[in-house]
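Next comes start-v9.cif, a file with mmCIF, C-alpha atoms and all ligand atoms.
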```
data_run
loop_
_atom_site.label_atom_id
_atom_site.label_comp_id
_atom_site.auth_asym_id
_atom_site.auth_seq_id
_atom_site.Cartn_x
_atom_site.Cartn_y
_atom_site.Cartn_z
CA MET A 209 14.83 98.69 31.60
CA THR A 210 17.41 100.17 33.90
CA SER A 211 17.53 99.41 37.58
CA ARG A 212 19.09 101.51 40.30
CA SER A 213 21.25 98.59 41.32
CA GLN A 214 23.15 98.79 38.04
CA HIS A 215 24.66 102.20 38.79
CA PHE A 216 28.33 102.21 39.63
CA LEU A 217 29.80 104.63 42.14
CA ILE A 218 33.24 105.18 43.61
CA CYS A 219 34.11 104.24 47.19
CA GLN A 220 36.00 107.16 48.74
CA VAL A 221 38.20 104.85 50.81
CA CYS A 222 39.40 102.17 48.36
CA HIS A 223 38.61 104.29 45.26
CA LYS A 224 37.10 101.25 43.54
CA SER A 225 34.02 101.50 41.35
CA LYS A 226 31.24 99.33 42.76
CA PRO A 227 27.50 98.78 42.14
CA GLN A 228 25.36 101.19 44.14
CA ARG A 229 23.88 98.42 46.28
CA GLU A 230 27.39 97.71 47.65
CA LEU A 231 27.84 101.28 48.82
CA LEU A 232 26.47 103.37 51.67
CA PRO A 233 25.92 107.13 51.25
CA GLY A 234 28.44 109.05 53.37
CA HIS A 235 25.80 110.96 55.32
CA LEU A 236 24.52 107.67 56.79
CA VAL A 237 27.89 106.73 58.28
CA ARG A 238 27.89 107.02 62.07
CA GLU A 239 29.80 109.99 63.43
CA GLU A 240 31.93 107.78 65.70
CA LEU A 241 33.51 106.23 62.60
CA LEU A 242 34.40 109.48 60.85
CA PRO A 243 37.83 110.02 62.47
CA LEU A 244 38.89 106.52 61.38
CA ILE A 245 37.52 107.04 57.87
CA CYS A 246 39.28 110.40 57.53
CA GLU A 247 42.56 108.74 58.48
CA LYS A 248 42.22 106.46 55.44
CA ALA A 249 40.51 108.98 53.17
CA PRO A 250 41.60 112.54 54.02
CA ASP A 251 39.36 113.96 51.29
CA TRP A 252 36.25 112.23 52.75
CA SER A 253 32.97 113.98 52.03
CA SER A 254 29.56 113.06 53.43
CA SER A 255 28.09 113.55 49.96
CA GLY A 256 30.21 110.67 48.64
CA TYR A 257 30.00 106.92 49.23
CA ILE A 258 31.79 104.17 51.10
CA CYS A 259 31.64 100.49 50.18
CA TYR A 260 30.46 97.98 52.78
CA ALA A 261 33.78 96.12 52.64
CA CYS A 262 35.66 99.26 53.69
CA LEU A 263 32.99 100.23 56.19
CA ASN A 264 33.05 96.81 57.86
CA GLN A 265 36.83 96.94 58.08
CA ILE A 266 36.69 100.40 59.67
CA ARG A 267 33.98 99.29 62.10
CA THR A 268 36.08 96.32 63.14
CA ASN A 269 39.07 98.62 63.69
CA TYR A 270 36.84 100.95 65.67
CA ILE A 271 35.61 98.25 68.01
CA ARG A 272 39.12 96.89 68.51
CA HIS A 273 40.32 100.38 69.31
CA GLN A 274 37.46 101.01 71.71
CA MET A 275 37.88 97.71 73.49
CA ARG A 276 41.57 98.29 73.92
CA LYS A 277 40.85 101.74 75.29
CA ASP A 278 38.08 100.78 77.65
CA LEU A 279 36.92 97.31 78.54
CA GLY A 280 34.06 98.68 80.61
CA GLU A 281 30.53 99.18 79.35
CA LEU A 282 29.90 98.75 75.66
CA ASP A 283 27.68 101.23 73.88
CA ASP A 284 25.07 100.24 71.29
CA LEU A 285 27.39 100.39 68.30
CA GLU A 286 30.07 98.37 70.04
CA GLN A 287 27.59 95.72 71.09
CA GLU A 288 26.23 95.55 67.58
CA VAL A 289 29.69 95.16 66.07
CA VAL A 290 30.80 92.59 68.65
CA ALA A 291 27.58 90.62 68.11
CA SER A 292 28.06 90.77 64.34
CA LEU A 293 31.68 89.70 64.60
CA GLU A 294 30.66 86.79 66.81
CA ASN A 295 27.81 85.74 64.53
CA LYS A 296 29.91 86.40 61.42
CA ALA A 297 26.83 88.24 60.17
CA LEU A 298 27.06 90.94 57.53
CA LEU A 299 26.94 94.37 59.13
CA SER A 300 25.69 95.72 55.86
CA GLU A 301 22.34 93.98 56.16
CA ASN A 302 20.80 96.35 58.67
CA ILE A 303 22.59 99.31 57.10
CA ASP A 304 20.65 98.55 53.94
CA GLU A 305 17.43 98.78 55.91
CA GLU A 306 18.54 102.11 57.33
CA TYR A 307 19.14 103.33 53.79
CA ASP A 308 15.72 102.15 52.66
CA GLN A 309 14.12 103.88 55.61
CA THR A 310 15.60 107.20 54.49
CA LEU A 311 13.57 107.04 51.25
CA SER A 312 10.29 108.91 51.56
CA PHE A 313 7.00 107.16 50.86
CA GLY A 314 6.76 108.90 47.46
CA GLU A 315 10.27 107.81 46.50
CA CYS A 316 9.50 104.22 47.49
CA VAL A 317 6.33 104.23 45.37
CA ALA A 318 8.20 105.77 42.43
CA ASP A 319 10.88 103.09 42.80
CA LYS A 320 8.36 100.26 42.83
CA VAL A 321 6.32 101.69 39.94
CA ALA A 322 9.48 102.27 37.88
CA GLU A 323 10.62 98.73 38.60
CA PHE A 324 7.30 97.32 37.40
CA GLY A 325 6.94 99.77 34.47
CA GLY A 326 10.29 98.67 33.07
CA SER A 327 9.85 94.94 33.57
CA TRP A 328 9.08 92.26 31.00
CA ARG A 329 6.08 91.28 33.10
CA PHE A 330 4.68 94.76 32.49
CA ILE A 331 5.46 94.79 28.77
CA ILE A 332 3.94 91.35 28.21
CA SER A 333 0.82 91.99 30.28
CA PHE A 334 0.37 95.39 28.66
CA SER A 335 0.74 93.96 25.14
CA THR A 336 -1.80 91.29 26.03
CA LEU A 337 -4.21 93.95 27.24
CA LEU A 338 -3.79 95.88 23.97
CA VAL A 339 -4.47 92.81 21.86
CA VAL A 340 -7.52 91.86 23.94
CA TRP A 341 -8.79 95.44 23.75
CA ILE A 342 -8.49 95.55 19.97
CA ILE A 343 -10.01 92.11 19.48
CA LEU A 344 -12.95 92.89 21.77
CA ASN A 345 -13.63 96.10 19.91
CA THR A 346 -13.03 94.78 16.42
CA VAL A 347 -14.83 91.47 16.32
CA SER A 348 -18.56 92.02 16.18
CA ILE A 349 -19.13 89.68 19.11
CA LEU A 350 -20.12 92.71 21.10
CA LEU A 351 -23.16 94.50 19.80
CA ASN A 352 -22.09 97.72 21.48
CA PRO A 353 -18.29 97.88 21.69
CA PHE A 354 -17.27 100.29 24.47
CA ASP A 355 -14.44 101.67 22.36
CA PRO A 356 -15.12 100.98 18.66
CA TYR A 357 -12.60 101.50 15.87
CA PRO A 358 -10.53 103.79 15.85
CA TYR A 359 -10.29 103.15 19.62
CA ILE A 360 -10.47 106.72 20.87
CA LEU A 361 -10.60 105.71 24.53
CA LEU A 362 -7.57 103.46 24.07
CA ASN A 363 -5.69 106.39 22.52
CA LEU A 364 -6.54 108.50 25.54
CA VAL A 365 -5.30 105.81 27.92
CA LEU A 366 -2.04 105.46 25.96
CA SER A 367 -1.46 109.22 26.02
CA LEU A 368 -2.01 109.31 29.77
CA LEU A 369 0.36 106.40 30.25
CA ALA A 370 3.08 108.08 28.17
CA ALA A 371 2.71 111.29 30.17
CA PHE A 372 2.84 109.33 33.40
CA GLN A 373 6.00 107.48 32.38
CA ALA A 374 7.72 110.71 31.32
CA LEU A 375 6.91 112.13 34.76
CA GLN A 376 8.21 109.00 36.41
CA ALA A 377 11.49 109.13 34.45
CA GLU A 378 11.90 112.72 35.57
CA MET A 379 11.32 111.77 39.21
CA LEU A 380 13.87 108.96 38.93
CA SER A 381 16.54 111.21 37.45
CA ASP A 382 15.81 113.79 40.17
CA MET A 383 16.30 111.13 42.82
CA GLN A 384 19.56 110.02 41.25
CA LYS A 385 20.84 113.59 41.21
CA LYS A 386 20.01 113.89 44.92
CA GLY A 387 21.39 110.44 45.78
ZN ZN A 401 35.88 100.68 49.52
#
```
Starting from the file, lay out its structure as structure tokens.
Amino acid sequence: MTSRSQHFLICQVCHKSKPQRELLPGHLVREELLPLICEKAPDWSSSGYICYACLNQIRTNYIRHQMRKDLGELDDLEQEVVASLENKALLSENIDEEYDQTLSFGECVADKVAEFGGSWRFIISFSTLLVVWIILNTVSILLNPFDPYPYILLNLVLSLLAAFQALQAEMLSDMQKKG
């Protein structure tokens, strides 16, 4: 019943431990921001993480710096930051989307399946299915039960499900190693 959002990671800039959803992987940080990040965190690595609070602060510094340097044309990032500052919107919102977009289709499916497989909704609906299955095959309401006692087909389904969940757990831990 674990969820990816419960993992804590260290921000390389403020060195605080924060939930994963509050952090952006270093390789997704825009190159323009790297000099400013390295000023604050000399040991910055793109395989580490930065929290959105630090990132937003650095982006604000960046835009201030750029505007001071050149009040001419604004590039995309500057316009985005200025617009966000004006709207007081969270810059992290669209960064989150960017992060989601970097997950492959398979990883997204594994995420969704794992989320459902570990939920109470799944456990309750699955238990209900088991009870219904056993009742249907036990009570002699049906003249020809499709899986009579000792429920050989049910055993097969359970074995497959266990194998599938083991595979899924392996995929999840692989993804976490990569992430
Ligand atoms: Zn931080």
Determine, using all atoms listed in the file, which residues of chain A have any atom at most 8 Å from an atom of ligand ZN 401 (chain A), and tabulate each with its shortest atom pair and distance in Å to one decimal place, rows ordered by chain and then rising number, as JSON lines.
```
{"residue": "A:Ile218", "atom": "CA", "partner": "A:ZN401", "partner_atom": "ZN", "distance": 7.9}
{"residue": "A:Cys219", "atom": "CA", "partner": "A:ZN401", "partner_atom": "ZN", "distance": 4.6}
{"residue": "A:Gln220", "atom": "CA", "partner": "A:ZN401", "partner_atom": "ZN", "distance": 6.5}
{"residue": "A:Val221", "atom": "CA", "partner": "A:ZN401", "partner_atom": "ZN", "distance": 4.9}
{"residue": "A:Cys222", "atom": "CA", "partner": "A:ZN401", "partner_atom": "ZN", "distance": 4.0}
{"residue": "A:His223", "atom": "CA", "partner": "A:ZN401", "partner_atom": "ZN", "distance": 6.2}
{"residue": "A:Lys224", "atom": "CA", "partner": "A:ZN401", "partner_atom": "ZN", "distance": 6.1}
{"residue": "A:Ile258", "atom": "CA", "partner": "A:ZN401", "partner_atom": "ZN", "distance": 5.6}
{"residue": "A:Cys259", "atom": "CA", "partner": "A:ZN401", "partner_atom": "ZN", "distance": 4.3}
{"residue": "A:Tyr260", "atom": "CA", "partner": "A:ZN401", "partner_atom": "ZN", "distance": 6.9}
{"residue": "A:Ala261", "atom": "CA", "partner": "A:ZN401", "partner_atom": "ZN", "distance": 5.9}
{"residue": "A:Cys262", "atom": "CA", "partner": "A:ZN401", "partner_atom": "ZN", "distance": 4.4}
{"residue": "A:Leu263", "atom": "CA", "partner": "A:ZN401", "partner_atom": "ZN", "distance": 7.3}
```
For atom CA of Lys385 of chain A and atom CA of Glu247 of chain A, the interatomic separation in Å (one decimal):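 Going from atom CA of Lys385 of chain A over to atom CA of Glu247 of chain A covers 28.2 Å.
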How many Å separate atom CA of Leu232 of chain A from atom CA of Glu315 of chain A? 17.6 Å
What is the atom CA of Trp341 of chain A to atom CA of Leu362 of chain A distance in Å?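 Interatomic distance here is 8.1 Å.
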Excluding Trp252 of chain A and its own-chain neighbours fewer than 4 positions away, which residues fall within 9 Å of it when counting only C-alpha atoms? Please give them as a PyMOL selection string. chain A and resi 220-221+234+242+245-246+248+256-257
With distances taken over all atoms listed in the file, which of A:Gln376, A:Asp251, A:Lys277, A:Glu230 is nearest to Gly314 of chain A?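 Looking at the shortest contact to Gly314 of chain A, the residue is A:Gln376.
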Between A:Ile343, A:Phe216, A:Ile271, A:Ala291, which has the minimum distance to Pro356 of chain A (counting only C-alpha atoms)?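 Smallest distance to Pro356 of chain A is found for A:Ile343.
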